[in-house]
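Enquirer: My structure is stored as work_29.csv, with CSV, C-alpha atoms.
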```
chain,number,residue,atom,x,y,z
A,1,MET,CA,3.8,7.7,-32.0
A,2,GLN,CA,3.2,5.4,-35.0
A,3,ARG,CA,0.3,3.5,-33.4
A,4,LEU,CA,-1.7,6.6,-32.4
A,5,THR,CA,-4.8,7.5,-34.5
A,6,GLN,CA,-4.9,10.8,-36.3
A,7,ASP,CA,-7.3,12.1,-33.6
A,8,GLU,CA,-4.9,11.0,-30.8
A,9,ARG,CA,-2.0,12.8,-32.5
A,10,LYS,CA,-4.0,16.0,-32.7
A,11,LEU,CA,-4.9,15.5,-29.1
A,12,VAL,CA,-1.3,15.6,-27.8
A,13,GLU,CA,0.1,18.3,-30.1
A,14,PRO,CA,-1.1,21.3,-28.1
A,15,ILE,CA,0.5,20.0,-24.8
A,16,GLU,CA,3.1,22.6,-23.7
A,17,GLN,CA,5.9,21.6,-21.4
A,18,SER,CA,6.7,25.2,-20.6
A,19,ALA,CA,3.3,26.0,-19.2
A,20,MET,CA,3.3,22.9,-16.9
A,21,LEU,CA,6.8,23.7,-15.7
A,22,GLU,CA,5.9,27.3,-14.9
A,23,ARG,CA,3.0,26.1,-12.8
A,24,THR,CA,5.0,23.5,-11.0
A,25,GLU,CA,7.7,26.0,-10.1
A,26,ARG,CA,5.2,28.5,-8.9
A,27,TRP,CA,3.1,26.0,-6.9
A,28,SER,CA,6.2,24.4,-5.4
A,29,ALA,CA,7.2,27.8,-4.0
A,30,ILE,CA,4.0,27.8,-1.9
A,31,ASN,CA,4.4,26.0,1.4
A,32,SER,CA,1.3,23.7,1.7
A,33,GLY,CA,2.4,21.4,4.4
A,34,THR,CA,-0.7,19.5,5.6
A,35,GLY,CA,-1.2,21.6,8.8
A,36,ASN,CA,-0.3,25.0,7.2
A,37,LEU,CA,-3.9,26.3,6.7
A,38,ALA,CA,-2.7,29.7,5.3
A,39,GLY,CA,-0.5,28.0,2.7
A,40,LEU,CA,-3.1,25.5,1.8
A,41,GLN,CA,-5.6,28.2,1.2
A,42,GLN,CA,-3.2,30.0,-1.0
A,43,GLN,CA,-2.6,26.8,-2.9
A,44,ALA,CA,-6.3,26.0,-3.2
A,45,ASP,CA,-7.0,29.5,-4.6
A,46,GLU,CA,-4.3,29.1,-7.2
A,47,LEU,CA,-5.6,25.7,-8.2
A,48,ALA,CA,-9.2,26.9,-8.3
A,49,GLN,CA,-8.1,29.7,-10.7
A,50,ALA,CA,-6.1,27.2,-12.9
A,51,PHE,CA,-8.9,24.6,-13.1
A,52,ALA,CA,-11.5,27.2,-13.9
A,53,ALA,CA,-10.1,27.0,-17.4
A,54,LEU,CA,-11.9,23.7,-17.8
A,55,PRO,CA,-15.7,23.5,-18.3
A,56,GLY,CA,-17.8,22.8,-15.2
A,57,LYS,CA,-18.0,24.1,-11.7
A,58,VAL,CA,-15.1,24.5,-9.3
A,59,GLU,CA,-15.7,24.6,-5.5
A,60,LEU,CA,-13.8,24.3,-2.3
A,61,ARG,CA,-15.3,21.8,0.1
A,62,ASP,CA,-14.9,22.1,3.9
A,63,PRO,CA,-13.0,19.3,5.5
A,64,ALA,CA,-14.8,16.7,7.6
A,65,PRO,CA,-14.1,16.8,11.3
A,66,VAL,CA,-11.0,14.9,12.4
A,67,THR,CA,-9.7,14.3,15.9
A,68,SER,CA,-6.4,13.1,17.3
A,69,ILE,CA,-4.9,12.3,20.7
A,70,ASP,CA,-2.5,14.8,22.2
A,71,ALA,CA,0.4,14.1,24.5
A,72,GLY,CA,-1.9,14.5,27.5
A,73,GLY,CA,-4.3,11.8,26.3
A,74,ARG,CA,-7.0,14.3,25.3
A,75,GLU,CA,-9.0,14.0,22.1
A,76,ILE,CA,-8.5,17.2,20.2
A,77,GLU,CA,-9.8,18.5,16.8
A,78,GLN,CA,-7.3,18.3,14.0
A,79,ALA,CA,-7.4,21.3,11.6
A,80,ASN,CA,-7.3,20.7,7.8
A,81,GLY,CA,-7.6,22.8,4.7
A,82,ARG,CA,-10.4,22.8,2.2
A,83,HIS,CA,-10.6,20.4,-0.7
A,84,LEU,CA,-11.0,21.4,-4.4
A,85,VAL,CA,-13.7,19.7,-6.4
A,86,LEU,CA,-14.4,20.3,-10.1
A,87,SER,CA,-17.4,18.6,-11.7
A,88,VAL,CA,-17.6,18.5,-15.5
A,89,ARG,CA,-20.7,17.2,-17.3
A,90,PRO,CA,-22.3,15.6,-14.2
A,91,THR,CA,-25.2,14.2,-16.2
A,92,ALA,CA,-23.0,12.3,-18.7
A,93,GLU,CA,-23.6,8.6,-18.8
A,94,ARG,CA,-19.9,7.7,-18.7
A,95,ARG,CA,-17.9,9.5,-16.0
A,96,PHE,CA,-14.4,9.3,-14.5
A,97,LEU,CA,-12.6,10.5,-11.4
A,98,LEU,CA,-9.2,12.1,-11.3
A,99,THR,CA,-7.6,12.9,-8.0
A,100,GLY,CA,-4.5,14.5,-6.5
A,101,HIS,CA,-3.4,16.3,-3.3
A,102,MET,CA,-2.2,19.8,-2.7
A,103,ASP,CA,-0.5,19.1,0.7
A,104,THR,CA,3.1,18.2,1.2
A,105,VAL,CA,5.1,16.8,4.1
A,106,TYR,CA,7.1,20.0,4.6
A,107,PRO,CA,5.8,22.3,7.3
A,108,PRO,CA,6.7,26.1,7.3
A,109,GLY,CA,9.6,25.5,9.7
A,110,HIS,CA,11.2,22.8,7.5
A,111,PRO,CA,14.6,23.9,6.0
A,112,PHE,CA,13.5,22.6,2.5
A,113,GLN,CA,11.5,25.5,1.1
A,114,GLU,CA,13.0,26.6,-2.2
A,115,GLY,CA,13.4,25.0,-5.6
A,116,ARG,CA,16.6,24.7,-7.7
A,117,TRP,CA,17.7,23.2,-10.9
A,118,LEU,CA,20.3,20.4,-10.5
A,119,ASP,CA,20.8,20.3,-14.2
A,120,SER,CA,18.7,21.0,-17.3
A,121,GLU,CA,16.4,18.1,-16.6
A,122,ILE,CA,16.3,17.7,-12.8
A,123,TYR,CA,14.2,20.1,-10.7
A,124,ASN,CA,14.6,19.8,-6.9
A,125,ALA,CA,11.8,21.4,-4.9
A,126,PRO,CA,9.3,20.7,-2.1
A,127,GLY,CA,6.4,18.8,-3.6
A,128,ALA,CA,7.8,19.0,-7.2
A,129,ALA,CA,7.1,15.3,-7.7
A,130,ASP,CA,4.6,14.6,-4.8
A,131,MET,CA,2.6,16.2,-6.3
A,132,LYS,CA,2.6,19.7,-7.6
A,133,GLY,CA,4.0,18.4,-10.9
A,134,GLY,CA,1.4,15.7,-10.9
A,135,ILE,CA,-1.4,18.3,-10.6
A,136,ALA,CA,0.1,20.2,-13.5
A,137,VAL,CA,0.1,17.0,-15.5
A,138,MET,CA,-3.6,16.4,-14.6
A,139,LEU,CA,-4.7,19.8,-15.7
A,140,ALA,CA,-2.8,19.8,-19.0
A,141,ALA,CA,-4.2,16.3,-19.8
A,142,LEU,CA,-7.7,17.4,-19.2
A,143,GLN,CA,-7.2,20.6,-21.3
A,144,ALA,CA,-6.0,18.4,-24.1
A,145,PHE,CA,-8.8,15.8,-23.6
A,146,GLU,CA,-11.4,18.6,-24.0
A,147,GLY,CA,-10.2,18.8,-27.6
A,148,SER,CA,-11.2,15.2,-28.1
A,149,SER,CA,-14.3,14.3,-30.2
A,150,ALA,CA,-15.4,12.1,-27.3
A,151,ALA,CA,-15.2,14.8,-24.6
A,152,ALA,CA,-18.7,16.2,-25.1
A,153,ALA,CA,-20.3,12.9,-24.1
A,154,THR,CA,-18.0,12.2,-21.2
A,155,GLY,CA,-18.1,13.6,-17.7
A,156,TYR,CA,-15.5,13.6,-14.9
A,157,ASP,CA,-14.9,14.9,-11.4
A,158,VAL,CA,-11.6,16.2,-10.2
A,159,MET,CA,-10.7,16.1,-6.4
A,160,ILE,CA,-7.6,17.6,-5.0
A,161,ASN,CA,-7.5,17.2,-1.2
A,162,SER,CA,-5.5,18.9,1.5
A,163,ASP,CA,-4.7,16.0,3.8
A,164,GLU,CA,-3.5,13.0,1.7
A,165,GLU,CA,-0.1,13.0,3.4
A,166,THR,CA,-1.8,12.4,6.8
A,167,GLY,CA,-4.2,9.7,5.6
A,168,SER,CA,-7.0,11.7,3.9
A,169,LEU,CA,-9.1,11.5,7.1
A,170,SER,CA,-11.0,14.7,6.4
A,171,SER,CA,-11.5,13.8,2.7
A,172,ALA,CA,-12.2,10.1,2.8
A,173,ALA,CA,-16.0,10.5,2.7
A,174,LEU,CA,-15.6,13.0,-0.2
A,175,ILE,CA,-13.5,10.5,-2.1
A,176,ALA,CA,-16.1,7.8,-1.6
A,177,GLU,CA,-18.9,10.2,-2.7
A,178,LEU,CA,-17.1,11.1,-5.9
A,179,ALA,CA,-16.0,7.6,-6.7
A,180,ARG,CA,-19.6,6.4,-6.8
A,181,ALA,CA,-20.6,5.1,-10.2
A,182,LYS,CA,-17.4,6.1,-11.9
A,183,ALA,CA,-16.1,3.8,-14.7
A,184,ALA,CA,-12.4,4.3,-13.8
A,185,ALA,CA,-10.1,6.6,-11.9
A,186,LEU,CA,-6.6,8.1,-12.3
A,187,THR,CA,-4.6,9.5,-9.5
A,188,TYR,CA,-1.5,11.6,-10.0
A,189,GLU,CA,1.1,10.3,-7.5
A,190,PRO,CA,4.6,10.2,-9.0
A,191,SER,CA,5.7,7.1,-10.7
A,192,ALA,CA,6.9,4.3,-8.4
A,193,ARG,CA,10.4,4.5,-10.0
A,194,PRO,CA,12.1,7.3,-12.0
A,195,ASP,CA,11.8,5.2,-15.2
A,196,GLY,CA,8.0,5.6,-15.1
A,197,THR,CA,7.1,2.3,-13.4
A,198,LEU,CA,3.5,2.3,-12.1
A,199,ALA,CA,2.6,1.2,-8.6
A,200,HIS,CA,0.4,-1.9,-8.9
A,201,ALA,CA,-1.1,-3.7,-5.9
A,202,ARG,CA,-0.8,-1.8,-2.6
A,203,GLY,CA,-1.0,-2.8,1.0
A,204,GLY,CA,-3.1,-1.0,3.5
A,205,SER,CA,-2.4,1.3,6.4
A,206,GLY,CA,-3.7,2.0,9.9
A,207,ASN,CA,-2.7,4.4,12.5
A,208,TYR,CA,-3.5,3.9,16.2
A,209,SER,CA,-3.1,5.8,19.5
A,210,VAL,CA,-3.7,3.7,22.6
A,211,THR,CA,-4.2,5.8,25.8
A,212,ILE,CA,-3.2,3.8,28.9
A,213,THR,CA,-4.4,4.9,32.3
A,214,GLY,CA,-2.7,3.5,35.4
A,215,ARG,CA,-2.4,4.8,38.9
A,216,ALA,CA,0.1,7.3,40.3
A,217,ALA,CA,2.1,6.6,43.4
A,218,HIS,CA,5.3,7.6,45.1
A,219,ALA,CA,8.2,5.7,43.6
A,220,GLY,CA,9.9,5.3,46.9
A,221,ARG,CA,7.3,5.2,49.7
A,222,ASN,CA,4.5,3.1,48.1
A,223,PRO,CA,5.4,2.0,44.5
A,224,GLN,CA,3.4,-1.2,44.9
A,225,GLU,CA,0.2,0.9,45.0
A,226,GLY,CA,1.0,2.4,41.6
A,227,ARG,CA,0.1,0.9,38.2
A,228,ASN,CA,2.8,2.0,35.8
A,229,ALA,CA,1.3,3.1,32.5
A,230,ILE,CA,4.7,3.4,30.8
A,231,VAL,CA,5.6,-0.2,31.6
A,232,ALA,CA,2.2,-1.3,30.2
A,233,ALA,CA,2.7,0.7,27.0
A,234,GLY,CA,6.2,-0.8,26.6
A,235,ALA,CA,4.8,-4.3,27.1
A,236,LEU,CA,2.1,-3.5,24.5
A,237,ALA,CA,4.7,-2.2,22.0
A,238,VAL,CA,6.9,-5.3,22.4
A,239,ALA,CA,3.9,-7.6,22.0
A,240,LEU,CA,2.7,-5.8,18.9
A,241,LYS,CA,6.0,-6.3,17.3
A,242,THR,CA,5.8,-10.0,17.8
A,243,MET,CA,2.5,-10.1,15.9
A,244,GLU,CA,4.2,-9.3,12.6
A,245,HIS,CA,4.2,-11.7,9.8
A,246,ALA,CA,4.8,-11.8,6.0
A,247,ASP,CA,1.4,-10.0,5.3
A,248,LEU,CA,1.6,-7.6,8.2
A,249,ALA,CA,4.2,-5.0,9.3
A,250,ILE,CA,3.8,-3.3,12.6
A,251,ASN,CA,5.7,-0.2,13.7
A,252,PRO,CA,5.4,1.0,17.3
A,253,ALA,CA,6.5,4.6,16.7
A,254,ARG,CA,6.2,6.6,19.9
A,255,ILE,CA,5.3,6.6,23.6
A,256,ASP,CA,4.2,9.8,25.2
A,257,GLY,CA,3.6,10.1,29.0
A,258,GLY,CA,5.3,9.9,32.3
A,259,SER,CA,6.2,12.5,34.9
A,260,ALA,CA,8.9,13.0,37.5
A,261,ASN,CA,11.4,10.3,38.3
A,262,ASN,CA,9.9,9.8,41.7
A,263,VAL,CA,6.3,9.2,40.5
A,264,VAL,CA,4.9,6.0,39.1
A,265,PRO,CA,3.4,7.2,35.8
A,266,ASP,CA,-0.3,6.9,35.5
A,267,LEU,CA,-0.6,7.9,31.8
A,268,ALA,CA,1.0,6.8,28.6
A,269,ILE,CA,0.0,7.0,24.9
A,270,LEU,CA,1.4,4.4,22.5
A,271,ARG,CA,1.2,5.4,18.8
A,272,PHE,CA,1.8,2.8,16.1
A,273,ASN,CA,1.2,2.0,12.4
A,274,ILE,CA,0.3,-1.2,10.7
A,275,ARG,CA,0.7,-2.2,7.1
A,276,PRO,CA,-1.5,-5.2,6.1
A,277,LYS,CA,-0.9,-6.5,2.6
A,278,THR,CA,-4.3,-8.3,2.5
A,279,SER,CA,-7.8,-7.7,3.7
A,280,GLU,CA,-7.6,-10.9,5.7
A,281,ALA,CA,-4.5,-9.7,7.5
A,282,ALA,CA,-6.3,-6.5,8.4
A,283,VAL,CA,-9.3,-8.3,9.8
A,284,ASN,CA,-7.2,-10.8,11.7
A,285,PHE,CA,-5.1,-8.0,13.3
A,286,GLU,CA,-8.2,-6.3,14.6
A,287,ARG,CA,-9.3,-9.5,16.3
A,288,ASP,CA,-5.9,-10.3,17.7
A,289,PHE,CA,-5.3,-6.8,18.9
A,290,THR,CA,-8.5,-6.8,20.9
A,291,VAL,CA,-7.4,-10.0,22.7
A,292,LEU,CA,-3.9,-8.6,23.3
A,293,LEU,CA,-5.2,-5.4,24.8
A,294,GLN,CA,-7.4,-7.3,27.2
A,295,HIS,CA,-4.3,-9.2,28.4
A,296,ILE,CA,-2.4,-6.0,28.8
A,297,GLU,CA,-5.2,-4.4,30.8
A,298,ALA,CA,-5.6,-7.5,33.1
A,299,GLY,CA,-1.9,-8.2,33.5
A,300,HIS,CA,-0.9,-4.6,34.4
A,301,GLU,CA,-4.2,-3.5,36.0
A,302,VAL,CA,-4.6,-0.5,33.7
A,303,ASN,CA,-7.3,0.8,31.4
A,304,ALA,CA,-6.7,1.3,27.7
A,305,HIS,CA,-8.6,3.4,25.1
A,306,ILE,CA,-8.1,3.0,21.3
A,307,HIS,CA,-8.2,5.9,18.9
A,308,GLY,CA,-7.8,5.4,15.1
A,309,GLY,CA,-7.8,2.3,13.0
A,310,ILE,CA,-7.3,1.2,9.4
A,311,THR,CA,-7.9,4.1,7.1
A,312,ARG,CA,-6.3,2.8,3.9
A,313,PRO,CA,-7.6,-0.6,3.0
A,314,PRO,CA,-5.3,-2.9,1.0
A,315,LYS,CA,-5.6,-2.4,-2.7
A,316,PRO,CA,-5.4,-5.7,-4.6
A,317,VAL,CA,-5.6,-5.6,-8.4
A,318,ASP,CA,-8.6,-7.5,-9.8
A,319,SER,CA,-9.4,-8.3,-13.4
A,320,GLN,CA,-11.2,-5.0,-14.0
A,321,ALA,CA,-8.3,-3.0,-12.5
A,322,GLN,CA,-5.8,-5.0,-14.5
A,323,ARG,CA,-7.6,-4.1,-17.8
A,324,LEU,CA,-7.0,-0.4,-16.8
A,325,PHE,CA,-3.3,-1.1,-16.2
A,326,ASP,CA,-3.1,-2.9,-19.5
A,327,LEU,CA,-4.7,0.1,-21.3
A,328,VAL,CA,-2.3,2.6,-19.6
A,329,GLN,CA,0.7,0.4,-20.5
A,330,ARG,CA,-0.4,-0.1,-24.1
A,331,THR,CA,-1.1,3.6,-24.5
A,332,GLY,CA,2.4,4.3,-23.2
A,333,ALA,CA,3.9,2.0,-25.7
A,334,ASP,CA,2.0,3.7,-28.5
A,335,LEU,CA,3.5,7.0,-27.3
A,336,GLY,CA,7.0,5.5,-27.2
A,337,GLN,CA,6.9,5.3,-23.3
A,338,ASP,CA,7.9,1.8,-22.1
A,339,PHE,CA,7.1,1.1,-18.4
A,340,GLY,CA,5.9,-1.8,-16.3
A,341,TRP,CA,4.5,-2.0,-12.8
A,342,GLN,CA,5.4,-3.3,-9.4
A,343,PRO,CA,3.7,-3.8,-6.0
A,344,SER,CA,4.1,-1.0,-3.4
A,345,GLY,CA,4.1,-0.9,0.3
A,346,GLY,CA,3.1,2.8,0.2
A,347,VAL,CA,-0.5,3.9,0.3
A,348,CYS,CA,-2.5,6.8,-1.2
A,349,ASP,CA,-6.0,7.8,-2.2
A,350,GLY,CA,-5.9,5.0,-4.8
A,351,ASN,CA,-6.5,2.6,-1.9
A,352,ASN,CA,-9.7,4.5,-1.0
A,353,ILE,CA,-10.9,4.6,-4.6
A,354,ALA,CA,-10.3,0.9,-5.1
A,355,ALA,CA,-12.2,0.1,-1.9
A,356,CYS,CA,-15.2,1.6,-3.7
A,357,GLY,CA,-15.0,-1.0,-6.4
A,358,VAL,CA,-13.6,1.5,-9.0
A,359,PRO,CA,-10.5,0.5,-11.1
A,360,VAL,CA,-7.7,2.9,-10.6
A,361,VAL,CA,-4.1,3.6,-11.6
A,362,ASP,CA,-2.7,5.8,-9.0
A,363,THR,CA,0.8,6.7,-10.3
A,364,MET,CA,0.0,8.8,-13.3
A,365,GLY,CA,2.1,11.7,-12.2
A,366,VAL,CA,5.6,12.8,-13.1
A,367,ARG,CA,8.7,10.7,-13.1
A,368,GLY,CA,11.0,11.6,-10.2
A,369,GLY,CA,12.2,10.4,-6.9
A,370,ALA,CA,13.4,11.0,-3.3
A,371,ILE,CA,10.0,12.1,-2.3
A,372,HIS,CA,9.4,13.1,1.4
A,373,SER,CA,13.0,14.3,1.6
A,374,PRO,CA,15.0,17.5,0.8
A,375,ASP,CA,16.3,15.6,-2.3
A,376,GLU,CA,12.8,15.3,-3.9
A,377,TYR,CA,13.0,15.9,-7.6
A,378,LEU,CA,11.1,15.7,-10.8
A,379,ILE,CA,12.4,14.9,-14.3
A,380,ALA,CA,11.2,17.9,-16.3
A,381,SER,CA,10.6,16.1,-19.6
A,382,SER,CA,8.1,13.8,-17.9
A,383,LEU,CA,5.6,16.6,-17.5
A,384,ALA,CA,4.8,16.6,-21.2
A,385,GLU,CA,5.1,12.8,-21.6
A,386,ARG,CA,2.8,12.0,-18.7
A,387,ALA,CA,0.3,14.6,-19.8
A,388,ALA,CA,0.2,13.0,-23.3
A,389,LEU,CA,-0.2,9.6,-21.7
A,390,SER,CA,-3.2,10.7,-19.6
A,391,ALA,CA,-4.9,12.6,-22.4
A,392,VAL,CA,-4.8,9.6,-24.7
A,393,VAL,CA,-5.8,7.2,-21.9
A,394,LEU,CA,-8.8,9.5,-21.2
A,395,HIS,CA,-9.7,9.5,-24.9
A,396,ARG,CA,-9.6,5.8,-25.1
A,397,LEU,CA,-11.6,5.4,-21.9
A,398,ALA,CA,-14.2,7.8,-23.3
A,399,THR,CA,-14.5,5.7,-26.4
A,400,GLY,CA,-15.1,2.5,-24.5
A,401,ASP,CA,-11.6,0.9,-24.6
A,402,LEU,CA,-12.0,-0.5,-21.1
A,403,ALA,CA,-15.4,-2.0,-21.7
```
Any chance you could put this one into structure tokens?
Expert:
Amino acid sequence: MQRLTQDERKLVEPIEQSAMLERTERWSAINSGTGNLAGLQQQADELAQAFAALPGKVELRDPAPVTSIDAGGREIEQANGRHLVLSVRPTAERRFLLTGHMDTVYPPGHPFQEGRWLDSEIYNAPGAADMKGGIAVMLAALQAFEGSSAAAATGYDVMINSDEETGSLSSAALIAELARAKAAALTYEPSARPDGTLAHARGGSGNYSVTITGRAAHAGRNPQEGRNAIVAAGALAVALKTMEHADLAINPARIDGGSANNVVPDLAILRFNIRPKTSEAAVNFERDFTVLLQHIEAGHEVNAHIHGGITRPPKPVDSQAQRLFDLVQRTGADLGQDFGWQPSGGVCDGNNIAACGVPVVDTMGVRGGAIHSPDEYLIASSLAERAALSAVVLHRLATGDLA
């Protein structure tokens, strides 16, 4: 810590590893899978109580309406939990945004429900890295930052949503609202690698459901009068895969529909995901997909209805964002933490924030790995080190280091 100022040294001294670890263990024991409304409410209540230790107002915001297509081709409402928002010094001239998510990918019926220590440093638990530990880091960093001489003139919003793992569809408008006029943002996804590497540029993501309606007929007596929706969906899936290129990955993931073997199926739902690396690739896909769907409809004499689209725009790193990355890396070096960055094919709320023109580093959470699997783990010592990193970064941002 030789290159820290005296004020910065005082800032990180009170950070307690044990308090963050206790919170992470307790929060990881709460099942807060995205669709588990009872578990999400329990988690939100715990977070509201914990973040009430900071100045400002804590509230739980209702999710925006979200719909999906069920296996019968019907548009149905998708239930989501409430989102936590903390607003501190909202009238301050210089303000920042810090975000995280309380949901995990593990529903109540998933076998991975309990935490365990693999050794003195490695804690294996659902959401430990992604991102119950990250939320604990965020809270500890903000508590430390409140001891900074610059805090009184600095404002910030905290947003912890309940649906990040399914694309933040019910919180996207809230993210955009809170990102408005912010000087910078930090998001507490786990590091891209266990050594602390940050995720740099990110591609985008879009999820689609295409409902295809054909015409039923007897498979033996008059099959020629039918229009097979399953065949049309299959042809669409194969054609989509041929549209891939270096800047666009396409994953046809599932086809629902069909009926008895002796009936020409009149309904199919194709679900697929795209990952455009650039905004140009995203725009071109939308254009080409429209043309492809017209060919499928005409060639198979079916009707098609699209639900969904691109919900996470690609996140390039412009010069303003690069200055924030440089600040974070330089601060890490001053704390004795050496890490770099790398591009990522994954997406997160950092994509949404960057689309609002706000520079963001979105892997400020713990070091760990194997997320979205029963082997998910965090490295315990990274709780204190990443909290110190954020606290000093916030102090430097507040004193104009990014300007």
Enquirer: Take atom CA of Ala370 of chain A and atom CA of Leu394 of chain A and report the distance between them in Å, one decimal.
Expert: 28.6 Å
Enquirer: Would you mind listing what lies within 8 Å of Met159 of chain A as a PyMOL selection string, with only C-alpha atoms counted and same-chain residues fewer than 3 positions away left out?
Expert: chain A and resi 83-86+97-101+175
Enquirer: Give me the residues near Val105 of chain A as a list in words, where near means some atom within 7 Å (using only C-alpha atoms) and where sequence neighbours in that chain fewer than 4 positions away do not count.
Expert: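 Contacts, in chain order: Gly33, Thr34, Glu165 and His372 of chain A.
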Enquirer: Which residue out of A:Met102, A:Val210, A:Asp375, A:Thr331 has the minimum interatomic distance to Gly134 of chain A when only C-alpha atoms are used?
Expert: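 Comparing A:Met102, A:Val210, A:Asp375, A:Thr331 against Gly134 of chain A, the winner is A:Met102.
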Enquirer: Given the choices A:Ile255, A:Asn222, A:Leu248, A:Asp266, which gets closest to Gly234 of chain A if the distance is worked out from all atoms listed in the file?
Expert: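 Counting all atoms listed in the file, the residue closest to Gly234 of chain A is A:Ile255.
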Enquirer: Skipping near chain neighbours, those fewer than 5 positions away, what residues fall within 9 Å of Ser171 of chain A using all atoms listed in the file, listed as a ChimeraX atom specification?
Expert: /A:63-64,83,161-164,176
Enquirer: Produce a file of the selected residues containing C-alpha atoms, as a PDB file, in the coordinates of the input.
Expert:
```pdb
ATOM      1  CA  PRO A  63     -13.000  19.300   5.500  1.00  0.00           C
ATOM      2  CA  ALA A  64     -14.800  16.700   7.600  1.00  0.00           C
ATOM      3  CA  HIS A  83     -10.600  20.400  -0.700  1.00  0.00           C
ATOM      4  CA  ASN A 161      -7.500  17.200  -1.200  1.00  0.00           C
ATOM      5  CA  SER A 162      -5.500  18.900   1.500  1.00  0.00           C
ATOM      6  CA  ASP A 163      -4.700  16.000   3.800  1.00  0.00           C
ATOM      7  CA  GLU A 164      -3.500  13.000   1.700  1.00  0.00           C
ATOM      8  CA  ALA A 176     -16.100   7.800  -1.600  1.00  0.00           C
TER       9      ALA A 176
END
```
Enquirer: Kindly output segment 284-295 of chain A as a PDB file, in the coordinates of the input, after building N, CA and C atoms.
Expert:
```pdb
ATOM      1  N   ASN A 284      -7.757  -9.976  10.686  1.00  0.00           N
ATOM      2  CA  ASN A 284      -7.200 -10.800  11.700  1.00  0.00           C
ATOM      3  C   ASN A 284      -6.424  -9.947  12.760  1.00  0.00           C
ATOM      4  N   PHE A 285      -5.789  -8.867  12.300  1.00  0.00           N
ATOM      5  CA  PHE A 285      -5.100  -8.000  13.300  1.00  0.00           C
ATOM      6  C   PHE A 285      -6.091  -7.386  14.234  1.00  0.00           C
ATOM      7  N   GLU A 286      -7.208  -6.874  13.734  1.00  0.00           N
ATOM      8  CA  GLU A 286      -8.200  -6.300  14.600  1.00  0.00           C
ATOM      9  C   GLU A 286      -8.654  -7.239  15.688  1.00  0.00           C
ATOM     10  N   ARG A 287      -8.876  -8.465  15.295  1.00  0.00           N
ATOM     11  CA  ARG A 287      -9.300  -9.500  16.300  1.00  0.00           C
ATOM     12  C   ARG A 287      -8.200  -9.767  17.287  1.00  0.00           C
ATOM     13  N   ASP A 288      -6.974  -9.988  16.806  1.00  0.00           N
ATOM     14  CA  ASP A 288      -5.900 -10.300  17.700  1.00  0.00           C
ATOM     15  C   ASP A 288      -5.482  -9.170  18.600  1.00  0.00           C
ATOM     16  N   PHE A 289      -5.593  -7.951  18.070  1.00  0.00           N
ATOM     17  CA  PHE A 289      -5.300  -6.800  18.900  1.00  0.00           C
ATOM     18  C   PHE A 289      -6.226  -6.595  20.032  1.00  0.00           C
ATOM     19  N   THR A 290      -7.487  -6.871  19.797  1.00  0.00           N
ATOM     20  CA  THR A 290      -8.500  -6.800  20.900  1.00  0.00           C
ATOM     21  C   THR A 290      -8.129  -7.748  22.014  1.00  0.00           C
ATOM     22  N   VAL A 291      -7.751  -8.965  21.660  1.00  0.00           N
ATOM     23  CA  VAL A 291      -7.400 -10.000  22.700  1.00  0.00           C
ATOM     24  C   VAL A 291      -6.107  -9.515  23.412  1.00  0.00           C
ATOM     25  N   LEU A 292      -5.110  -9.033  22.665  1.00  0.00           N
ATOM     26  CA  LEU A 292      -3.900  -8.600  23.300  1.00  0.00           C
ATOM     27  C   LEU A 292      -4.114  -7.454  24.275  1.00  0.00           C
ATOM     28  N   LEU A 293      -4.943  -6.507  23.897  1.00  0.00           N
ATOM     29  CA  LEU A 293      -5.200  -5.400  24.800  1.00  0.00           C
ATOM     30  C   LEU A 293      -5.879  -5.802  26.065  1.00  0.00           C
ATOM     31  N   GLN A 294      -6.753  -6.774  25.961  1.00  0.00           N
ATOM     32  CA  GLN A 294      -7.400  -7.300  27.200  1.00  0.00           C
ATOM     33  C   GLN A 294      -6.365  -7.926  28.106  1.00  0.00           C
ATOM     34  N   HIS A 295      -5.385  -8.638  27.552  1.00  0.00           N
ATOM     35  CA  HIS A 295      -4.300  -9.200  28.400  1.00  0.00           C
ATOM     36  C   HIS A 295      -3.470  -8.145  29.035  1.00  0.00           C
TER      37      HIS A 295
END
```
